[in-house]
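Q: I'm passing along coords.cif; it holds mmCIF, C-alpha atoms.
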```cif
data_data
loop_
_atom_site.label_atom_id
_atom_site.label_comp_id
_atom_site.auth_asym_id
_atom_site.auth_seq_id
_atom_site.Cartn_x
_atom_site.Cartn_y
_atom_site.Cartn_z
CA MET D 714 -3.56 -27.08 -89.55
CA ASN D 715 -0.97 -29.57 -90.70
CA LEU D 716 2.06 -27.93 -92.31
CA GLU D 717 1.94 -30.44 -95.15
CA ASN D 718 -1.50 -29.17 -96.14
CA ILE D 719 -0.83 -25.42 -96.42
CA SER D 720 -0.30 -23.83 -99.82
CA LYS D 721 2.97 -22.59 -101.22
CA GLN D 722 1.66 -19.02 -101.10
CA GLN D 723 0.73 -19.25 -97.42
CA LEU D 724 4.08 -20.84 -96.53
CA PHE D 725 5.95 -18.09 -98.36
CA ARG D 726 3.81 -15.42 -96.69
CA GLU D 727 4.46 -16.79 -93.20
CA ILE D 728 8.20 -16.89 -93.87
CA THR D 729 8.35 -13.34 -95.24
CA GLU D 730 6.57 -12.13 -92.09
CA LEU D 731 9.60 -13.37 -90.13
CA MET D 732 12.08 -11.43 -92.26
CA GLN D 733 13.75 -8.20 -91.27
CA PRO D 734 12.79 -5.23 -93.48
CA LEU D 735 16.45 -4.83 -94.48
CA TYR D 736 19.68 -6.76 -94.03
CA PHE D 737 23.19 -5.29 -93.90
CA PRO D 738 25.72 -8.06 -94.60
CA VAL D 739 29.37 -7.60 -93.62
CA PRO D 740 31.43 -7.77 -95.71
CA TYR D 741 29.23 -6.86 -98.67
CA GLU D 742 30.43 -9.62 -100.95
CA GLU D 743 28.55 -12.22 -102.99
CA ASN D 744 29.69 -15.18 -100.89
CA ASN D 745 28.70 -13.47 -97.65
CA ILE D 746 25.34 -12.31 -99.04
CA GLN D 747 24.56 -15.86 -100.15
CA GLU D 748 25.68 -17.31 -96.80
CA LEU D 749 23.53 -14.85 -94.84
CA ALA D 750 20.51 -15.65 -97.02
CA GLN D 751 20.98 -19.39 -96.47
CA GLN D 752 21.37 -18.94 -92.71
CA GLU D 753 18.17 -16.92 -92.52
CA TYR D 754 16.32 -19.47 -94.66
CA LYS D 755 17.36 -22.33 -92.34
CA LEU D 756 16.28 -20.29 -89.31
CA PHE D 757 12.86 -19.61 -90.88
CA CYS D 758 12.41 -23.32 -91.59
CA LYS D 759 13.07 -24.13 -87.92
CA VAL D 760 10.67 -21.45 -86.68
CA ILE D 761 7.83 -22.52 -88.98
CA SER D 762 8.43 -26.19 -88.15
CA ALA D 763 8.22 -25.42 -84.43
CA ARG D 764 5.07 -23.33 -84.99
CA TYR D 765 3.29 -26.30 -86.59
CA GLY D 766 4.94 -29.04 -84.52
CA PHE D 767 6.49 -30.40 -87.70
CA ASP D 768 9.59 -32.63 -87.73
CA ASN D 769 11.43 -31.45 -90.84
CA ASP D 770 14.42 -33.75 -90.30
CA LYS D 771 12.12 -36.79 -90.19
CA TYR D 772 10.34 -35.58 -93.33
CA ILE D 773 13.68 -35.22 -95.16
CA LEU D 774 14.71 -38.76 -94.23
CA ALA D 775 11.39 -40.12 -95.48
CA HIS D 776 11.53 -38.21 -98.76
CA ASN D 777 15.02 -39.01 -100.08
CA GLY D 778 16.64 -35.84 -98.78
CA HIS D 779 13.91 -33.46 -99.98
CA SER D 780 12.50 -30.90 -97.55
CA LEU D 781 8.91 -29.70 -97.44
CA PHE D 782 10.33 -26.17 -97.65
CA ASP D 783 12.03 -26.83 -101.00
CA ILE D 784 8.99 -25.45 -102.83
CA VAL D 785 9.67 -21.94 -101.46
CA HIS D 786 13.47 -22.06 -101.20
CA ASP D 787 14.28 -20.10 -104.35
CA ASP D 788 11.54 -17.52 -103.71
CA VAL D 789 12.70 -17.00 -100.11
CA ILE D 790 16.34 -16.59 -101.13
CA CYS D 791 15.34 -14.15 -103.86
CA GLU D 792 13.27 -12.10 -101.40
CA LEU D 793 16.09 -12.08 -98.85
CA ARG D 794 18.59 -10.91 -101.44
CA SER D 795 16.26 -8.08 -102.47
CA ARG D 796 16.44 -6.81 -98.88
CA MET D 797 20.24 -6.76 -98.70
CA ARG D 798 21.78 -3.28 -98.44
CA ARG D 799 25.32 -1.97 -98.44
CA ASP D 800 25.94 0.26 -95.40
CA SER D 801 29.23 2.13 -95.79
CA TYR D 802 29.31 3.11 -92.11
CA LEU D 803 28.90 -0.49 -91.02
CA LEU D 804 31.61 -1.65 -93.41
CA GLN D 805 33.97 1.04 -92.10
CA SER D 806 33.27 0.07 -88.49
CA GLU D 807 33.98 -3.59 -89.28
CA THR D 808 37.28 -2.60 -90.88
CA ILE D 809 38.17 -0.75 -87.67
CA ARG D 810 37.03 -3.75 -85.61
CA TRP D 811 39.35 -6.20 -87.37
CA HIS D 812 42.21 -3.72 -87.16
CA LEU D 813 41.72 -3.49 -83.38
CA VAL D 814 41.48 -7.29 -83.10
CA ALA D 815 44.79 -7.58 -84.98
CA LEU D 816 46.44 -5.09 -82.59
CA VAL D 817 45.21 -6.96 -79.51
CA ARG D 818 46.30 -10.30 -80.98
CA GLN D 819 49.73 -8.78 -81.56
CA ALA D 820 49.97 -7.77 -77.88
CA VAL D 821 48.79 -11.21 -76.68
CA VAL D 822 51.31 -13.03 -78.88
CA ARG D 823 54.11 -10.82 -77.54
CA ALA D 824 52.99 -11.63 -73.99
CA GLY D 825 53.31 -15.36 -74.61
CA GLY D 826 49.74 -16.22 -75.55
CA CYS D 827 47.95 -14.89 -72.48
CA LEU D 828 47.73 -11.35 -71.18
CA GLY D 829 46.11 -10.52 -67.86
CA THR D 830 44.16 -7.29 -67.55
CA CYS D 831 43.07 -7.73 -63.93
CA TYR D 832 45.92 -9.66 -62.33
CA LYS D 833 49.38 -8.95 -63.70
CA ASN D 834 49.66 -12.45 -65.13
CA VAL D 835 51.60 -11.98 -68.35
CA GLY D 836 51.75 -15.27 -70.24
CA ILE D 837 49.82 -17.21 -67.57
CA HIS D 838 46.06 -17.58 -67.22
CA HIS D 839 44.84 -15.93 -64.03
CA MET D 840 43.44 -19.25 -62.72
CA GLU D 841 47.01 -20.61 -62.78
CA TYR D 842 48.63 -17.45 -61.44
CA SER D 843 49.92 -17.60 -57.86
CA SER D 844 50.23 -13.86 -57.15
CA ALA D 845 47.36 -11.45 -56.48
CA ASP D 846 49.18 -8.40 -57.87
CA MET D 847 46.46 -6.44 -59.66
CA TYR D 848 46.08 -3.46 -61.95
CA GLU D 849 44.27 -0.47 -60.50
CA ASP D 850 42.44 0.28 -63.76
CA VAL D 851 40.91 -3.07 -64.72
CA PRO D 852 39.05 -2.61 -68.04
CA ALA D 853 35.30 -3.11 -68.19
CA VAL D 854 33.74 -4.26 -71.45
CA VAL D 855 30.30 -4.39 -73.04
CA PHE D 856 29.22 -7.33 -75.16
CA GLN D 857 26.10 -8.98 -76.52
CA ASN D 858 25.22 -12.28 -74.96
CA GLY D 859 23.19 -14.08 -77.56
CA MET D 860 22.75 -14.38 -81.31
CA VAL D 861 19.54 -12.37 -81.91
CA CYS D 862 20.76 -8.79 -82.28
CA THR D 863 17.28 -7.25 -82.44
CA ALA D 864 16.46 -8.58 -78.97
CA GLY D 865 19.18 -6.57 -77.27
CA GLY D 866 20.82 -8.48 -74.46
CA TYR D 867 23.81 -6.22 -73.88
CA GLU D 868 25.86 -6.97 -70.77
CA SER D 869 28.93 -5.57 -69.06
CA ALA D 870 31.71 -7.32 -67.18
CA MET D 871 35.28 -6.91 -65.98
CA LEU D 872 37.99 -8.14 -68.31
CA TYR D 873 40.30 -10.69 -66.67
CA ASP D 874 42.38 -12.20 -69.47
CA ILE D 875 42.90 -12.08 -73.21
CA TYR D 876 44.40 -15.27 -74.59
CA LEU D 877 44.87 -17.43 -77.65
CA ALA D 878 42.87 -20.66 -77.48
CA SER D 879 44.23 -23.94 -78.80
CA ASP D 880 42.51 -23.32 -82.15
CA ASP D 881 44.25 -19.90 -82.37
CA ILE D 882 41.00 -18.01 -81.74
CA LEU D 883 41.44 -14.86 -79.67
CA MET D 884 39.38 -15.26 -76.50
CA CYS D 885 38.82 -13.27 -73.32
CA THR D 886 37.79 -14.17 -69.78
CA LEU D 887 35.10 -12.01 -68.19
CA ASP D 888 33.85 -11.63 -64.63
CA ASP D 889 30.32 -10.27 -64.33
CA LYS D 890 28.44 -8.63 -61.45
CA TYR D 891 27.47 -12.07 -60.13
CA SER D 892 31.16 -13.04 -59.87
CA SER D 893 30.67 -15.61 -62.62
CA GLU D 894 33.63 -16.19 -64.91
CA TYR D 895 33.21 -17.26 -68.51
CA ASP D 896 35.07 -17.04 -71.81
CA ILE D 897 33.82 -15.46 -75.03
CA PRO D 898 35.46 -14.72 -78.40
CA PHE D 899 37.23 -11.37 -78.23
CA ASP D 900 35.65 -10.17 -81.48
CA SER D 901 32.19 -10.37 -79.86
CA LEU D 902 32.95 -7.31 -77.74
CA LEU D 903 31.47 -4.00 -78.77
CA LEU D 904 33.70 -1.78 -80.88
CA GLU D 905 33.99 0.88 -78.17
CA SER D 906 35.18 -1.75 -75.68
CA MET D 907 37.84 -2.96 -78.11
CA LEU D 908 39.04 0.61 -78.53
CA ASP D 909 39.24 1.07 -74.74
CA ILE D 910 41.28 -2.15 -74.45
CA VAL D 911 43.73 -1.01 -77.13
CA HIS D 912 44.14 2.28 -75.23
CA TRP D 913 44.71 0.28 -72.03
CA LEU D 914 47.33 -1.89 -73.74
CA ARG D 915 49.17 1.20 -74.95
CA LEU D 916 48.99 2.77 -71.49
CA HIS D 917 50.62 -0.31 -69.97
CA SER D 918 53.23 -0.64 -72.76
CA PHE D 919 51.85 -3.85 -74.24
CA LEU D 920 51.55 -1.98 -77.55
CA PRO D 921 53.61 0.88 -78.98
CA ASP D 922 52.05 4.28 -78.38
CA THR D 923 51.50 4.79 -82.10
CA ASP D 924 50.33 2.81 -85.13
CA GLU D 925 52.83 4.46 -87.43
CA PRO D 926 54.11 1.92 -89.97
CA GLU D 927 57.78 1.04 -90.15
CA TRP D 928 58.01 1.03 -93.96
CA VAL D 929 56.15 3.10 -96.59
CA CYS D 930 56.32 3.68 -100.35
CA GLU D 931 58.97 6.31 -101.04
CA GLU D 932 56.83 7.72 -103.87
CA CYS D 933 53.40 8.18 -102.26
CA GLY D 934 53.99 7.41 -98.57
CA SER D 935 51.40 4.60 -98.45
CA SER D 936 51.91 1.80 -95.92
CA GLU D 937 50.09 -0.65 -98.24
CA VAL D 938 53.38 -2.12 -99.44
CA GLU D 939 54.90 -5.57 -99.81
CA THR D 940 58.44 -6.83 -100.17
CA LEU D 941 59.87 -10.20 -101.14
CA ALA D 942 61.27 -12.24 -98.28
CA TRP D 943 62.83 -15.58 -97.43
CA VAL D 944 60.55 -17.90 -95.42
CA ASN D 945 61.04 -21.29 -93.81
CA PRO D 946 58.61 -23.79 -95.45
CA ASN D 947 59.19 -26.30 -92.64
CA GLU D 948 58.05 -23.86 -89.95
CA ASP D 949 54.71 -22.60 -91.32
CA ASN D 950 56.51 -20.26 -93.73
CA SER D 951 57.93 -18.29 -90.82
CA PHE D 952 59.85 -15.15 -91.76
CA VAL D 953 63.62 -15.52 -92.14
CA ASP D 954 64.89 -12.34 -93.77
CA PHE D 955 64.09 -9.68 -96.34
CA LEU D 956 65.29 -10.35 -99.86
CA GLY D 957 66.43 -6.75 -100.01
CA THR D 958 64.33 -3.59 -99.89
CA ASP D 959 66.93 -1.56 -101.82
CA ASP D 960 65.99 -3.29 -105.08
CA ARG D 961 62.77 -1.69 -106.38
CA GLY D 962 61.91 -4.94 -108.15
CA ASN D 963 61.51 -6.63 -104.76
CA ASN D 964 58.87 -4.16 -103.55
CA TRP D 965 55.29 -3.39 -104.54
CA CYS D 966 52.97 -0.50 -103.64
CA HIS D 967 49.24 -1.25 -103.84
CA HIS D 968 48.43 2.47 -104.03
CA CYS D 969 50.80 3.22 -106.92
CA GLU D 970 50.20 -0.26 -108.38
CA GLU D 971 53.81 -0.60 -109.39
CA HIS D 972 57.22 -1.62 -108.10
CA THR D 973 58.71 1.03 -105.87
CA GLY D 974 61.38 1.83 -103.35
CA LEU D 975 60.67 1.52 -99.64
CA ALA D 976 61.53 4.13 -97.04
CA LEU D 977 61.40 4.09 -93.26
CA PHE D 978 58.31 6.01 -92.19
CA ALA D 979 60.32 8.19 -89.80
CA ASP D 980 62.65 9.25 -92.65
CA TYR D 981 59.79 9.75 -95.12
CA ASP D 982 57.78 11.81 -92.62
CA SER D 983 60.84 13.90 -91.78
CA ASN D 984 61.55 14.55 -95.48
CA GLN D 985 57.94 15.53 -96.10
CA SER D 986 58.03 17.96 -93.19
CA SER D 987 61.29 19.48 -94.46
CA SER D 988 59.95 19.90 -98.00
CA GLY D 989 56.85 21.56 -96.57
CA ASP D 990 59.00 24.13 -94.82
#
```
Do you think you could lay out the structure here as structure tokens?
A:
Amino acid sequence: MNLENISKQQLFREITELMQPLYFPVPYEENNIQELAQQEYKLFCKVISARYGFDNDKYILAHNGHSLFDIVHDDVICELRSRMRRDSYLLQSETIRWHLVALVRQAVVRAGGCLGTCYKNVGIHHMEYSSADMYEDVPAVVFQNGMVCTAGGYESAMLYDIYLASDDILMCTLDDKYSSEYDIPFDSLLLESMLDIVHWLRLHSFLPDTDEPEWVCEECGSSEVETLAWVNPNEDNSFVDFLGTDDRGNNWCHHCEEHTGLALFADYDSNQSSSGD
């Protein structure tokens, strides 16, 4: 049957049969929910077009930018949105993921933009590194090679490098069991692999052995604080100096939701321990 001859009801039914029973967008925000719905809709259009041997791009050109699928667009988006669910565990894991990515990025920046985890090539990609001095505990990682999560496709490989690409994206070089090297975005690694890498970075002194903050609110002890600072507008607003943490008006605590004094975490923690005694 020609796709142009099927009814709106049949087209909608065939599309809904392709949908997942539930979707769990991350983060659970309106913009992201809408973006996920639109991505799924476009994917369904491609699948149905391929099923019927239909050239949707050619149809759009011949019909002043209108797609054959326009008749079901709103219904499909509405159905997709009805299947969106907020998963608190998933949202928590994603928060942990981006925290780990930030820690690894911090270590890579300190190492000069490239940090070797197989060869001891700090600041130099292993392909450009002349020495063969290696770590004895090269990290192995697990990742998903492909975009369709429900199809599986998990793979493992040795981690060779973590580096910042020219577009500032954090990347890593992997070497699989076939001795094939390739680069993937660091944030595509499984959460457990990221955690293992952070542990490895601490073990080899690329990161401090604790995540304790330097400054906290002197009232509640929260690290969710900000302070006014001088920045250089001609160098991407790079930090120059604090305006002065002694003045409470220069500081803000997001937990207290008011201006506050700042204290060094070590001093605050020591004072809390003393008051507890």
Q: Measuring between only C-alpha atoms, which one of D:Glu927, D:Asn950, D:His967, D:Ala942 shows the shortest distance to Ala979 of chain D?
A: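 Result for the nearest residue to Ala979 of chain D: D:Glu927.
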Q: If the PyMOL selection byres ((chain D and resi 889) around 10) is run on the structure shown, which residues does it catch, given as a VMD selection string?
A: chain D and resid 853 to 854 868 to 872 887 to 888 890 to 895
Q: Take the PyMOL selection byres ((chain D and resi 928-938) around 6), apply it to the structure above, and return the hits as a tab-separated table (two decimals) with C-alpha atoms, in the coordinates of the input.
A:
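And here is the file that came out, part-v4.tsv:
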```
chain	number	residue	atom	x	y	z
D	926	PRO	CA	54.11	1.92	-89.97
D	927	GLU	CA	57.78	1.04	-90.15
D	939	GLU	CA	54.90	-5.57	-99.81
D	965	TRP	CA	55.29	-3.39	-104.54
D	966	CYS	CA	52.97	-0.50	-103.64
D	967	HIS	CA	49.24	-1.25	-103.84
D	974	GLY	CA	61.38	1.83	-103.35
D	975	LEU	CA	60.67	1.52	-99.64
D	976	ALA	CA	61.53	4.13	-97.04
D	977	LEU	CA	61.40	4.09	-93.26
D	978	PHE	CA	58.31	6.01	-92.19
```
Q: Any idea what's packed within 7 Å of Leu941 of chain D, counting only C-alpha atoms, ignoring anything in its chain fewer than 4 positions away? Could you give it as JSON, numbers by chain?
A: {"D": [955, 956, 963, 964]}
Q: Got a sec: who's within 12 Å of segment 737-742 of chain D, counting all atoms listed in the file, leaving out chain neighbours fewer than 4 positions off, as a list in words?
A: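 Answer for this query is Gln733, Ile746, Gln747, Glu748, Leu749, Ala750, Gln752, Glu753, Leu793, Arg794, Ser795, Arg796, Met797, Arg798, Arg799, Asp800, Ser801, Tyr802, Leu803, Leu804, Gln805, Ser806, Glu807, Thr808, Arg810 and Trp811 of chain D.
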Q: At a cut-off of 10 Å, using only C-alpha atoms, what residues contact Asn769 of chain D? Leave out same-chain residues fewer than 6 positions from it and give the result as a ChimeraX atom specification.
A: /D:758-759,761-763,775,779-782
